[in-house]
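Here is the file input_23.txt (compact mmCIF, C-alpha atoms).
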# COMPACT_ATOMS: atom_id res chain seq x y z
CA MET A 1 -44.15 51.97 -36.06
CA LYS A 2 -45.11 49.05 -38.27
CA THR A 3 -42.57 46.40 -38.91
CA HIS A 4 -42.35 44.39 -42.07
CA ILE A 5 -40.15 41.37 -42.10
CA ILE A 6 -39.10 39.97 -45.37
CA SER A 7 -38.07 36.45 -44.61
CA SER A 8 -36.66 35.55 -47.98
CA ARG A 9 -32.96 36.06 -48.25
CA LEU A 10 -31.66 38.84 -50.44
CA SER A 11 -28.40 38.36 -52.22
CA GLY A 12 -26.67 41.42 -53.53
CA ILE A 13 -23.63 41.83 -55.65
CA ILE A 14 -20.40 43.42 -54.49
CA LEU A 15 -20.42 46.74 -56.25
CA GLU A 16 -16.65 47.08 -56.40
CA GLU A 17 -16.27 43.77 -58.21
CA GLN A 18 -18.56 44.70 -61.08
CA THR A 19 -16.79 45.33 -64.37
CA ASP A 20 -17.67 46.15 -67.96
CA LEU A 21 -20.34 48.75 -67.20
CA THR A 22 -21.19 50.89 -70.21
CA LEU A 23 -21.81 54.63 -70.24
CA ALA A 24 -25.55 53.86 -70.39
CA ASP A 25 -25.33 51.49 -67.37
CA LEU A 26 -23.50 54.10 -65.33
CA SER A 27 -25.86 56.95 -66.30
CA ARG A 28 -28.86 54.81 -65.38
CA ALA A 29 -27.35 53.71 -62.06
CA CYS A 30 -26.54 57.31 -61.11
CA ALA A 31 -29.88 58.57 -62.52
CA VAL A 32 -28.23 61.32 -64.59
CA HIS A 33 -27.84 62.11 -68.28
CA ALA A 34 -24.82 60.61 -70.01
CA GLU A 35 -23.40 64.14 -70.43
CA ARG A 36 -22.82 64.36 -66.69
CA ILE A 37 -20.77 61.15 -66.77
CA ILE A 38 -18.84 62.34 -69.82
CA GLU A 39 -17.97 65.53 -67.90
CA LEU A 40 -16.59 63.41 -65.05
CA VAL A 41 -14.40 61.47 -67.48
CA GLU A 42 -13.17 64.69 -69.10
CA GLU A 43 -12.30 66.09 -65.68
CA GLY A 44 -10.28 62.94 -64.94
CA VAL A 45 -12.55 61.85 -62.05
CA LEU A 46 -13.36 58.60 -63.86
CA THR A 47 -10.87 56.66 -65.94
CA PRO A 48 -12.72 54.06 -68.01
CA THR A 49 -11.01 51.68 -70.40
CA GLY A 50 -11.79 52.08 -74.11
CA ASP A 51 -10.97 54.98 -76.42
CA ALA A 52 -14.41 56.42 -77.23
CA PRO A 53 -17.59 56.99 -75.19
CA GLN A 54 -19.44 54.12 -76.89
CA ARG A 55 -16.57 51.76 -76.03
CA TRP A 56 -15.94 53.04 -72.51
CA ARG A 57 -16.14 50.38 -69.81
CA PHE A 58 -16.47 51.30 -66.15
CA SER A 59 -16.03 49.34 -62.91
CA GLY A 60 -18.17 49.26 -59.79
CA ALA A 61 -15.60 51.49 -58.07
CA HIS A 62 -16.21 54.05 -60.85
CA MET A 63 -19.94 53.89 -60.14
CA ARG A 64 -19.30 54.65 -56.49
CA ARG A 65 -16.92 57.49 -57.38
CA ALA A 66 -19.37 58.99 -59.85
CA SER A 67 -22.21 59.00 -57.33
CA VAL A 68 -20.04 60.67 -54.66
CA ALA A 69 -18.89 63.32 -57.17
CA LEU A 70 -22.49 64.01 -58.21
CA ARG A 71 -23.70 64.20 -54.60
CA LEU A 72 -20.90 66.61 -53.63
CA GLN A 73 -21.89 68.87 -56.51
CA ARG A 74 -25.58 68.73 -55.64
CA ASP A 75 -25.30 69.06 -51.86
CA LEU A 76 -22.31 71.36 -51.38
CA GLY A 77 -22.69 73.61 -54.41
CA VAL A 78 -19.12 72.89 -55.55
CA ASN A 79 -18.33 72.76 -59.25
CA LEU A 80 -16.88 69.79 -61.09
CA ALA A 81 -13.25 70.76 -60.41
CA GLY A 82 -14.06 71.25 -56.71
CA ALA A 83 -15.69 67.84 -56.49
CA ALA A 84 -12.69 66.28 -58.25
CA LEU A 85 -10.32 67.93 -55.78
CA ALA A 86 -12.44 66.79 -52.81
CA LEU A 87 -12.41 63.20 -54.13
CA GLU A 88 -8.63 63.20 -54.47
CA LEU A 89 -8.21 64.54 -50.94
CA LEU A 90 -10.68 61.96 -49.62
CA ASP A 91 -8.67 59.19 -51.33
CA GLU A 92 -5.51 60.47 -49.70
CA LEU A 93 -7.25 60.65 -46.32
CA ASP A 94 -8.48 57.06 -46.69
CA ALA A 95 -4.99 55.84 -47.57
CA LEU A 96 -3.52 57.63 -44.53
CA ARG A 97 -6.21 56.26 -42.22
CA ALA A 98 -5.54 52.73 -43.51
CA ARG A 99 -1.82 53.25 -42.91
CA LEU A 100 -2.56 54.41 -39.37
CA ARG A 101 -4.64 51.28 -38.69
CA ILE A 102 -1.78 49.04 -39.85
CA LEU A 103 0.54 50.76 -37.43
CA GLY A 104 -1.96 49.90 -34.71
CA GLY A 105 -3.23 53.45 -34.26
CA MET B 106 -44.15 65.42 -32.07
CA GLU B 107 -41.13 67.46 -31.09
CA PHE B 108 -40.75 71.10 -31.95
CA LYS B 109 -37.66 71.73 -34.06
CA ASP B 110 -35.72 74.95 -33.62
CA TYR B 111 -34.41 75.43 -37.15
CA TYR B 112 -32.46 78.55 -36.17
CA LYS B 113 -30.64 76.65 -33.43
CA ILE B 114 -29.91 73.73 -35.77
CA MET B 115 -28.34 76.14 -38.26
CA GLY B 116 -26.60 78.11 -35.50
CA VAL B 117 -27.98 81.46 -36.70
CA ALA B 118 -29.97 84.24 -35.02
CA ARG B 119 -33.71 84.55 -35.68
CA ASP B 120 -33.06 87.78 -37.56
CA ALA B 121 -30.26 86.35 -39.70
CA THR B 122 -30.19 87.53 -43.31
CA GLN B 123 -30.79 85.08 -46.16
CA ASP B 124 -27.07 85.37 -46.99
CA GLU B 125 -26.07 84.45 -43.44
CA ILE B 126 -28.39 81.45 -43.56
CA LYS B 127 -26.91 80.30 -46.84
CA ARG B 128 -23.38 80.68 -45.49
CA ALA B 129 -24.23 78.71 -42.34
CA TYR B 130 -25.81 75.98 -44.45
CA ARG B 131 -22.77 75.65 -46.71
CA GLN B 132 -20.44 75.35 -43.72
CA LEU B 133 -22.57 72.76 -41.94
CA ALA B 134 -23.17 70.80 -45.15
CA ARG B 135 -19.43 70.52 -45.73
CA LYS B 136 -18.90 69.47 -42.13
CA TYR B 137 -21.58 66.78 -42.04
CA HIS B 138 -21.79 65.58 -45.63
CA PRO B 139 -21.95 61.77 -45.31
CA ASP B 140 -19.44 61.29 -48.14
CA VAL B 141 -16.92 63.55 -46.44
CA SER B 142 -17.51 63.45 -42.70
CA LYS B 143 -16.33 60.79 -40.28
CA GLU B 144 -18.52 62.12 -37.47
CA PRO B 145 -20.58 59.19 -36.16
CA ASP B 146 -23.95 60.94 -36.55
CA ALA B 147 -23.01 62.80 -39.73
CA GLU B 148 -25.89 61.49 -41.80
CA ALA B 149 -28.55 62.43 -39.23
CA ARG B 150 -27.03 65.88 -38.72
CA PHE B 151 -26.78 66.44 -42.48
CA LYS B 152 -30.47 65.63 -42.92
CA GLU B 153 -31.45 67.85 -40.01
CA VAL B 154 -29.46 70.76 -41.41
CA GLY B 155 -30.94 70.14 -44.88
CA GLU B 156 -34.45 70.25 -43.43
CA ALA B 157 -33.74 73.47 -41.51
CA TYR B 158 -32.32 75.05 -44.65
CA GLU B 159 -35.28 73.91 -46.72
CA VAL B 160 -37.49 76.05 -44.46
CA LEU B 161 -35.24 79.02 -43.73
CA LYS B 162 -33.97 79.59 -47.28
CA ASP B 163 -37.51 80.02 -48.59
CA PRO B 164 -38.90 83.40 -47.41
CA GLU B 165 -42.48 82.05 -47.53
CA LYS B 166 -41.80 79.01 -45.39
CA ARG B 167 -39.56 81.01 -43.09
CA ALA B 168 -42.29 83.59 -42.50
CA ALA B 169 -44.81 80.84 -41.79
CA TYR B 170 -42.40 79.15 -39.39
CA ASP B 171 -41.59 82.46 -37.63
CA GLN B 172 -45.29 82.99 -37.10
CA LEU B 173 -45.30 80.03 -34.68
CA GLY B 174 -43.46 82.36 -32.34
CA ALA B 175 -40.12 82.38 -30.60
CA ASN B 176 -41.38 80.77 -27.40
CA TRP B 177 -41.07 77.20 -28.59
CA LYS B 178 -38.08 75.24 -27.35
CA ALA B 179 -36.39 72.45 -29.29
CA GLY B 180 -37.75 69.06 -28.26
CA GLN B 181 -40.95 70.51 -26.75
CA ASP B 182 -44.12 68.57 -27.58
CA PHE B 183 -45.69 70.31 -30.52
CA ARG B 184 -49.08 70.33 -32.30
CA PRO B 185 -49.54 72.77 -35.15
CA PRO B 186 -52.36 75.22 -34.37
CA PRO B 187 -55.43 74.68 -36.57
CA ASP B 188 -55.22 76.65 -39.81
CA TRP B 189 -51.83 77.83 -38.66
CA ASN B 190 -50.84 78.79 -42.16
CA ALA B 191 -54.11 80.54 -43.09
CA GLY B 192 -53.47 83.90 -44.62
CA PHE B 193 -50.23 82.88 -46.19
CA GLU B 194 -50.08 82.58 -49.87
CA PHE B 195 -47.81 79.86 -51.04
CA SER B 196 -46.48 79.56 -54.51
CA GLY B 197 -46.58 75.82 -54.11
CA GLY B 198 -42.96 75.27 -55.02
CA GLY B 199 -42.83 73.28 -51.82
CA PHE B 200 -40.16 70.66 -51.86
CA THR B 201 -37.01 71.23 -53.80
CA GLY B 202 -34.64 68.65 -52.36
CA GLY B 203 -34.52 65.13 -53.65
CA ASP B 204 -34.44 63.77 -50.11
CA ALA B 205 -37.76 65.28 -49.07
CA ALA B 206 -38.92 61.85 -47.91
CA ASP B 207 -36.35 62.04 -45.10
CA TYR B 208 -37.78 65.15 -43.44
CA SER B 209 -39.09 64.93 -39.89
CA ASP B 210 -42.71 64.54 -38.81
CA PHE B 211 -42.49 68.12 -37.55
CA PHE B 212 -41.64 69.36 -41.05
CA GLU B 213 -44.37 67.19 -42.55
CA ALA B 214 -46.98 68.54 -40.14
CA LEU B 215 -46.15 72.10 -41.11
CA PHE B 216 -45.27 71.89 -44.76
CA GLY B 217 -46.41 68.48 -45.94
CA GLY B 218 -49.99 69.51 -46.64
CA ARG B 219 -51.71 71.26 -49.49
CA GLY B 220 -50.14 74.45 -50.73
CA PHE B 221 -46.57 73.42 -50.16
CA ARG B 222 -46.62 70.16 -51.98
CA PRO B 223 -47.47 69.88 -55.69
CA GLU B 224 -51.02 68.65 -56.27
CA ARG B 225 -51.56 64.99 -57.07
CA GLY B 226 -52.88 65.74 -60.55
CA ALA B 227 -49.72 67.51 -61.45
CA ARG B 228 -47.76 64.57 -60.16
CA ALA B 229 -49.51 61.84 -62.09
CA ALA B 230 -47.74 62.66 -65.30
CA TYR B 231 -44.42 62.66 -63.52
CA ARG B 232 -42.51 59.44 -63.51
CA ALA B 233 -39.19 58.94 -61.86
CA GLN B 234 -36.92 56.27 -60.55
CA GLY B 235 -36.92 56.02 -56.76
CA GLU B 236 -33.99 57.37 -54.78
CA ASP B 237 -31.13 55.05 -53.96
CA ARG B 238 -30.71 54.40 -50.26
CA HIS B 239 -27.46 53.93 -48.39
CA ALA B 240 -26.77 52.20 -45.12
CA LYS B 241 -23.77 50.82 -43.24
CA ILE B 242 -23.53 47.33 -41.84
CA LEU B 243 -21.05 46.09 -39.28
CA ILE B 244 -19.94 42.51 -39.72
CA ASP B 245 -17.34 40.29 -38.10
CA LEU B 246 -14.16 39.57 -39.96
CA GLU B 247 -15.02 35.87 -39.73
CA ASP B 248 -18.18 36.55 -41.81
CA ALA B 249 -15.96 37.51 -44.75
CA PHE B 250 -14.29 34.10 -44.50
CA THR B 251 -17.41 31.99 -44.41
CA GLY B 252 -20.14 34.22 -45.81
CA ALA B 253 -23.12 34.97 -43.54
CA THR B 254 -26.70 36.13 -43.35
CA ARG B 255 -27.50 39.31 -41.46
CA THR B 256 -30.81 40.89 -40.63
CA ILE B 257 -30.63 44.61 -41.08
CA SER B 258 -33.18 47.13 -40.00
CA LEU B 259 -33.85 50.33 -41.93
CA ARG B 260 -36.22 53.19 -41.25
CA VAL B 261 -38.19 53.88 -44.38
CA PRO B 262 -40.47 56.91 -44.82
CA GLU B 263 -43.79 56.06 -46.46
CA THR B 264 -46.64 58.22 -47.67
CA ASP B 265 -50.19 57.05 -46.85
CA ALA B 266 -53.38 57.68 -48.81
CA MET B 267 -53.87 61.00 -47.01
CA GLY B 268 -50.45 62.18 -48.12
CA ARG B 269 -49.01 61.95 -44.62
CA VAL B 270 -45.56 60.53 -44.09
CA HIS B 271 -44.82 57.82 -41.55
CA THR B 272 -41.65 55.91 -40.86
CA ARG B 273 -41.82 52.20 -40.91
CA GLU B 274 -39.16 49.73 -39.94
CA HIS B 275 -38.06 47.61 -42.83
CA LYS B 276 -36.18 44.41 -42.03
CA LEU B 277 -34.13 42.66 -44.63
CA ASN B 278 -32.26 39.38 -44.55
CA VAL B 279 -29.12 39.96 -46.52
CA THR B 280 -26.54 37.42 -47.59
CA ILE B 281 -23.03 38.67 -46.95
CA PRO B 282 -20.91 37.29 -49.76
CA ARG B 283 -17.73 35.42 -48.80
CA GLY B 284 -14.64 37.48 -49.54
CA ILE B 285 -16.21 40.89 -48.95
CA ARG B 286 -13.87 43.57 -47.69
CA ALA B 287 -14.29 46.66 -45.55
CA GLY B 288 -15.35 49.69 -47.57
CA GLN B 289 -17.01 47.61 -50.27
CA HIS B 290 -20.68 48.01 -51.06
CA ILE B 291 -23.35 45.37 -51.46
CA ARG B 292 -25.86 46.53 -54.03
CA LEU B 293 -29.42 45.25 -53.62
CA ALA B 294 -31.26 46.13 -56.80
CA GLY B 295 -34.79 47.49 -56.32
CA GLN B 296 -34.58 47.74 -52.49
CA GLY B 297 -34.27 51.53 -52.39
CA ALA B 298 -37.09 54.06 -52.28
CA PRO B 299 -40.17 53.26 -54.40
CA GLY B 300 -40.43 54.96 -57.77
CA ILE B 301 -42.84 57.80 -58.47
CA GLY B 302 -45.65 57.40 -60.99
CA GLY B 303 -44.76 53.82 -61.84
CA GLY B 304 -41.04 54.48 -62.06
CA LYS B 305 -38.57 51.81 -60.99
CA PRO B 306 -37.59 51.63 -57.32
CA GLY B 307 -34.07 52.76 -56.43
CA ASP B 308 -31.32 50.48 -55.18
CA LEU B 309 -30.07 49.88 -51.68
CA TYR B 310 -26.33 50.13 -51.07
CA LEU B 311 -24.88 48.60 -47.94
CA GLU B 312 -21.40 49.73 -47.01
CA VAL B 313 -19.55 47.00 -45.18
CA GLU B 314 -17.42 47.69 -42.16
CA PHE B 315 -15.69 45.16 -39.91
CA ARG B 316 -16.05 45.25 -36.16
CA PRO B 317 -12.60 45.82 -34.68
CA HIS B 318 -11.06 42.38 -34.13
CA PRO B 319 -9.18 41.58 -30.90
CA LEU B 320 -6.38 39.81 -32.81
CA TYR B 321 -6.24 40.86 -36.44
CA ARG B 322 -5.82 44.16 -38.23
CA VAL B 323 -7.21 44.38 -41.72
CA GLU B 324 -5.73 46.24 -44.67
CA GLY B 325 -7.69 45.70 -47.87
CA ARG B 326 -7.64 41.93 -48.31
CA ASP B 327 -4.57 41.38 -46.10
CA LEU B 328 -4.58 40.59 -42.39
CA TYR B 329 -1.95 41.40 -39.77
CA LEU B 330 -1.33 39.61 -36.49
CA ASP B 331 1.17 40.61 -33.81
CA LEU B 332 2.74 37.32 -32.69
CA PRO B 333 4.58 37.23 -29.34
CA VAL B 334 7.71 35.04 -29.40
CA ALA B 335 10.34 34.15 -26.81
CA PRO B 336 13.88 35.52 -27.37
CA TRP B 337 15.24 32.01 -28.05
CA GLU B 338 12.48 31.33 -30.61
CA ALA B 339 13.48 34.51 -32.45
CA ALA B 340 17.21 33.90 -32.17
CA LEU B 341 17.34 30.17 -32.90
CA GLY B 342 14.26 29.73 -35.04
CA ALA B 343 11.23 27.68 -34.05
CA SER B 344 8.02 26.14 -35.23
CA VAL B 345 4.99 27.84 -33.64
CA THR B 346 1.21 27.62 -33.84
CA VAL B 347 -0.50 30.71 -35.25
CA PRO B 348 -4.24 31.46 -35.06
CA THR B 349 -5.86 32.59 -38.34
CA PRO B 350 -9.57 33.17 -39.04
CA GLY B 351 -9.44 30.04 -41.22
CA GLY B 352 -8.04 27.91 -38.34
CA LYS B 353 -4.72 27.27 -36.62
CA VAL B 354 -1.61 26.84 -38.74
CA GLU B 355 1.96 25.76 -38.03
CA MET B 356 4.57 28.29 -38.99
CA LYS B 357 8.37 28.31 -39.06
CA ILE B 358 10.17 31.27 -37.54
CA PRO B 359 13.57 31.66 -39.19
CA PRO B 360 16.67 31.92 -36.97
CA GLY B 361 17.87 35.49 -36.41
CA SER B 362 14.37 37.04 -36.35
CA ALA B 363 13.63 40.13 -34.27
CA THR B 364 10.72 42.32 -33.14
CA GLY B 365 9.10 43.76 -36.26
CA THR B 366 10.14 40.86 -38.53
CA LYS B 367 7.22 40.35 -40.92
CA LEU B 368 6.43 36.83 -42.10
CA ARG B 369 3.86 36.11 -44.78
CA LEU B 370 1.38 33.25 -45.04
CA LYS B 371 0.39 33.49 -48.68
CA GLY B 372 -3.31 33.32 -49.49
CA ARG B 373 -4.44 33.14 -45.85
CA GLY B 374 -6.01 36.61 -45.88
CA ILE B 375 -9.56 37.40 -46.95
CA PRO B 376 -10.63 34.79 -49.54
CA GLY B 377 -11.50 35.63 -53.14
CA THR B 378 -10.32 35.10 -56.69
CA THR B 379 -7.12 36.81 -55.56
CA PRO B 380 -7.06 35.93 -51.85
CA GLY B 381 -5.26 38.26 -49.48
CA ASP B 382 -2.20 37.35 -47.47
CA PHE B 383 -1.78 36.86 -43.75
CA TYR B 384 1.12 38.72 -42.16
CA VAL B 385 2.65 37.77 -38.86
CA VAL B 386 4.59 40.57 -37.17
CA LEU B 387 6.93 39.22 -34.49
CA GLN B 388 7.05 40.79 -31.04
CA VAL B 389 9.88 39.47 -28.89
CA VAL B 390 8.68 39.13 -25.30
CA VAL B 391 11.22 39.20 -22.50
CA PRO B 392 10.57 36.58 -19.80
CA PRO B 393 10.47 38.08 -16.29
CA ALA B 394 13.46 37.55 -14.02
CA ASP B 395 11.31 36.60 -11.07
CA SER B 396 13.47 34.03 -9.33
CA GLU B 397 17.10 33.74 -8.23
CA ASP B 398 18.10 31.17 -10.87
CA LYS B 399 16.47 33.29 -13.65
CA LYS B 400 18.32 36.39 -12.46
CA ALA B 401 21.53 34.40 -12.46
CA PHE B 402 20.77 33.33 -16.02
CA TYR B 403 20.29 36.97 -17.17
CA ARG B 404 23.57 37.94 -15.47
CA GLN B 405 25.31 35.14 -17.27
CA MET B 406 23.71 36.31 -20.52
CA ALA B 407 25.04 39.83 -19.98
CA GLU B 408 28.47 38.30 -19.49
CA THR B 409 28.25 36.19 -22.64
CA PHE B 410 26.89 39.09 -24.76
CA ARG B 411 29.41 41.63 -23.45
CA THR B 412 29.94 43.22 -26.90
CA PHE B 413 26.22 43.56 -27.67
CA ASN B 414 25.02 47.19 -27.64
CA PRO B 415 21.26 47.44 -28.19
CA ARG B 416 21.65 51.26 -28.56
CA ALA B 417 24.42 51.15 -31.17
CA LYS B 418 22.19 52.95 -33.69
CA LEU B 419 21.66 55.84 -31.26
CA GLY B 420 25.42 56.51 -31.20
CA VAL B 421 25.72 55.96 -27.44
Transcribe the structure of this file into structure tokens.
Amino acid sequence: MKTHIISSRLSGIILEEQTDLTLADLSRACAVHAERIIELVEEGVLTPTGDAPQRWRFSGAHMRRASVALRLQRDLGVNLAGAALALELLDELDALRARLRILGG
Amino acid sequence: MEFKDYYKIMGVARDATQDEIKRAYRQLARKYHPDVSKEPDAEARFKEVGEAYEVLKDPEKRAAYDQLGANWKAGQDFRPPPDWNAGFEFSGGGFTGGDAADYSDFFEALFGGRGFRPERGARAAYRAQGEDRHAKILIDLEDAFTGATRTISLRVPETDAMGRVHTREHKLNVTIPRGIRAGQHIRLAGQGAPGIGGGKPGDLYLEVEFRPHPLYRVEGRDLYLDLPVAPWEAALGASVTVPTPGGKVEMKIPPGSATGTKLRLKGRGIPGTTPGDFYVVLQVVVPPADSEDKKAFYRQMAETFRTFNPRAKLGV
């Protein structure tokens, strides 16, 4: 196995701290048509600020959420509502696991 | 290269129907999907199951695979027989999944060649952004306080001029930004899979996780420390030294504290534009009565605190 070492330092950005992403930014980042993102907003999976698609602004957390929802649909064959339900249950699970950690579990 | 028993991976019999195979795939995919599963090897299992399904769901590939015979055992050293797929007519639909680059050498040896994979000419006109890649990195809590540089190692599949796929180790030096929290993602633009036909490369997402810390528990940007105190420190109040990742601090314990009393050091959690807080949770520790004068002292205490009932709340 060949090994390539890139010695220069790479600096990334913290995804969750990104703000003000447009519908076009999000579609590009998730490599899908804008319609797929609009569907996610209509289903309530994503809650951007702004009152119309051209004024919607998304956060990095939305980008993460969108890509999980799209992957669940692609890989598990669930529909949009199923992916939305799975995401909500995953959120709840995360919150409970965090709670458990605080209690020293 | 190792022989892969796709039937065993999917947990189905060699004569399973296409419906049974689909059902098994759906169940395993839900179990090991990396966005859902907390199993430690979920991602590897998910890819393995995806590869098995890629072969078994397609009657042409399945027939070709079955032709190898049932005598092969998983893990056995395997070389495909010459012209092993002669006589099969393939429609050339080949790869359907987007993650085809992640398939094993075994899969590549069988199905990576001509016939299964679209011809180069057909590909030239096709242009697409590379896949995003995802990886997890474990860092120390202290790294989030100071920022750090970590070398991470990724296995990247690459296609050579002959169309064969090899894995290569790809090392990256990544700056961990100060103030990062567990569960957040560092996005490295252009460090994902290369694009196809001149398309842009994908991005690399690193999910950050903290190594468990011997002293502190982390919740979001807040930290928790269990602080042992003596009964007199809790009862009378005291000034004590508390370790924090940012250094030692002096802290006042108010009189009348008890086990479970939570004290806050504002802004001493994980740094950032809104820094987290540092919580100290008191644990009263009872000194051992390991000498005659100490026992005498406890007896005297019992006398002095005659009306104290630690079990009052239990109604006894």
With all atoms listed in the file as the counted atoms, please give the residues lying no more than 12 Å from range 63-68 of chain A, apart from itself and same-chain residues fewer than 6 positions off, as a PDB file with C-alpha atoms, keeping the file's coordinate frame.
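Output file result37.pdb follows:
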ATOM      1  CA  ILE A  14     -20.400  43.420 -54.490  1.00  0.00           C
ATOM      2  CA  LEU A  15     -20.420  46.740 -56.250  1.00  0.00           C
ATOM      3  CA  GLU A  16     -16.650  47.080 -56.400  1.00  0.00           C
ATOM      4  CA  GLU A  17     -16.270  43.770 -58.210  1.00  0.00           C
ATOM      5  CA  GLN A  18     -18.560  44.700 -61.080  1.00  0.00           C
ATOM      6  CA  THR A  19     -16.790  45.330 -64.370  1.00  0.00           C
ATOM      7  CA  ASP A  20     -17.670  46.150 -67.960  1.00  0.00           C
ATOM      8  CA  LEU A  21     -20.340  48.750 -67.200  1.00  0.00           C
ATOM      9  CA  THR A  22     -21.190  50.890 -70.210  1.00  0.00           C
ATOM     10  CA  LEU A  23     -21.810  54.630 -70.240  1.00  0.00           C
ATOM     11  CA  ALA A  24     -25.550  53.860 -70.390  1.00  0.00           C
ATOM     12  CA  ASP A  25     -25.330  51.490 -67.370  1.00  0.00           C
ATOM     13  CA  LEU A  26     -23.500  54.100 -65.330  1.00  0.00           C
ATOM     14  CA  SER A  27     -25.860  56.950 -66.300  1.00  0.00           C
ATOM     15  CA  ARG A  28     -28.860  54.810 -65.380  1.00  0.00           C
ATOM     16  CA  ALA A  29     -27.350  53.710 -62.060  1.00  0.00           C
ATOM     17  CA  CYS A  30     -26.540  57.310 -61.110  1.00  0.00           C
ATOM     18  CA  ALA A  31     -29.880  58.570 -62.520  1.00  0.00           C
ATOM     19  CA  VAL A  32     -28.230  61.320 -64.590  1.00  0.00           C
ATOM     20  CA  ALA A  34     -24.820  60.610 -70.010  1.00  0.00           C
ATOM     21  CA  ARG A  36     -22.820  64.360 -66.690  1.00  0.00           C
ATOM     22  CA  ILE A  37     -20.770  61.150 -66.770  1.00  0.00           C
ATOM     23  CA  ILE A  38     -18.840  62.340 -69.820  1.00  0.00           C
ATOM     24  CA  GLU A  39     -17.970  65.530 -67.900  1.00  0.00           C
ATOM     25  CA  LEU A  40     -16.590  63.410 -65.050  1.00  0.00           C
ATOM     26  CA  VAL A  41     -14.400  61.470 -67.480  1.00  0.00           C
ATOM     27  CA  GLU A  43     -12.300  66.090 -65.680  1.00  0.00           C
ATOM     28  CA  GLY A  44     -10.280  62.940 -64.940  1.00  0.00           C
ATOM     29  CA  VAL A  45     -12.550  61.850 -62.050  1.00  0.00           C
ATOM     30  CA  LEU A  46     -13.360  58.600 -63.860  1.00  0.00           C
ATOM     31  CA  THR A  47     -10.870  56.660 -65.940  1.00  0.00           C
ATOM     32  CA  PRO A  48     -12.720  54.060 -68.010  1.00  0.00           C
ATOM     33  CA  ARG A  57     -16.140  50.380 -69.810  1.00  0.00           C
ATOM     34  CA  ARG A  74     -25.580  68.730 -55.640  1.00  0.00           C
ATOM     35  CA  ASP A  75     -25.300  69.060 -51.860  1.00  0.00           C
ATOM     36  CA  LEU A  76     -22.310  71.360 -51.380  1.00  0.00           C
ATOM     37  CA  LEU A  80     -16.880  69.790 -61.090  1.00  0.00           C
ATOM     38  CA  ALA A  83     -15.690  67.840 -56.490  1.00  0.00           C
ATOM     39  CA  ALA A  84     -12.690  66.280 -58.250  1.00  0.00           C
ATOM     40  CA  ALA A  86     -12.440  66.790 -52.810  1.00  0.00           C
ATOM     41  CA  LEU A  87     -12.410  63.200 -54.130  1.00  0.00           C
ATOM     42  CA  GLU A  88      -8.630  63.200 -54.470  1.00  0.00           C
ATOM     43  CA  LEU A  90     -10.680  61.960 -49.620  1.00  0.00           C
ATOM     44  CA  ASP A  91      -8.670  59.190 -51.330  1.00  0.00           C
TER      45      ASP A  91
ATOM     46  CA  HIS B 138     -21.790  65.580 -45.630  1.00  0.00           C
ATOM     47  CA  PRO B 139     -21.950  61.770 -45.310  1.00  0.00           C
ATOM     48  CA  ASP B 140     -19.440  61.290 -48.140  1.00  0.00           C
ATOM     49  CA  VAL B 141     -16.920  63.550 -46.440  1.00  0.00           C
ATOM     50  CA  ASP B 237     -31.130  55.050 -53.960  1.00  0.00           C
ATOM     51  CA  ARG B 238     -30.710  54.400 -50.260  1.00  0.00           C
ATOM     52  CA  HIS B 239     -27.460  53.930 -48.390  1.00  0.00           C
ATOM     53  CA  GLY B 288     -15.350  49.690 -47.570  1.00  0.00           C
ATOM     54  CA  GLN B 289     -17.010  47.610 -50.270  1.00  0.00           C
ATOM     55  CA  HIS B 290     -20.680  48.010 -51.060  1.00  0.00           C
ATOM     56  CA  ILE B 291     -23.350  45.370 -51.460  1.00  0.00           C
ATOM     57  CA  ARG B 292     -25.860  46.530 -54.030  1.00  0.00           C
ATOM     58  CA  TYR B 310     -26.330  50.130 -51.070  1.00  0.00           C
ATOM     59  CA  LEU B 311     -24.880  48.600 -47.940  1.00  0.00           C
ATOM     60  CA  GLU B 312     -21.400  49.730 -47.010  1.00  0.00           C
TER      61      GLU B 312
END
**Request:** For CA of Gly325 in chain B and CA of Ala149 in chain B, determine how far apart the two atoms are, in Å to one decimal place.
**Result:**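 The value is 28.1 Å.
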**Request:** Would you mind telling me which residue in B:Lys143, B:Lys418, B:Arg135, B:Arg404 lies nearest to Gln73 in chain A when using all atoms listed in the file?
**Result:**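 Looking only at the distances to Gln73 in chain A, the closest residue turns out to be B:Arg135.
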Please enclose the listed atoms of range 45-59 of chain A in an axis-aligned box, pad each side by 4 Å, and write out the centre and the three edge lengths in Å, rounded to one decimal, as lines of an AutoDock Vina configuration file.
center_x = -15.2
center_y = 55.6
center_z = -69.6
size_x = 16.6
size_y = 20.5
size_z = 23.2
**Prompt:** Looking at B:Val117, B:Leu246, B:Leu330, B:Ile358, which one is nearest to chain A, with distances taken over all atoms listed in the file?
**Reply:**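 Of B:Val117, B:Leu246, B:Leu330, B:Ile358, the one nearest chain A, counting all atoms listed in the file, is B:Leu330.
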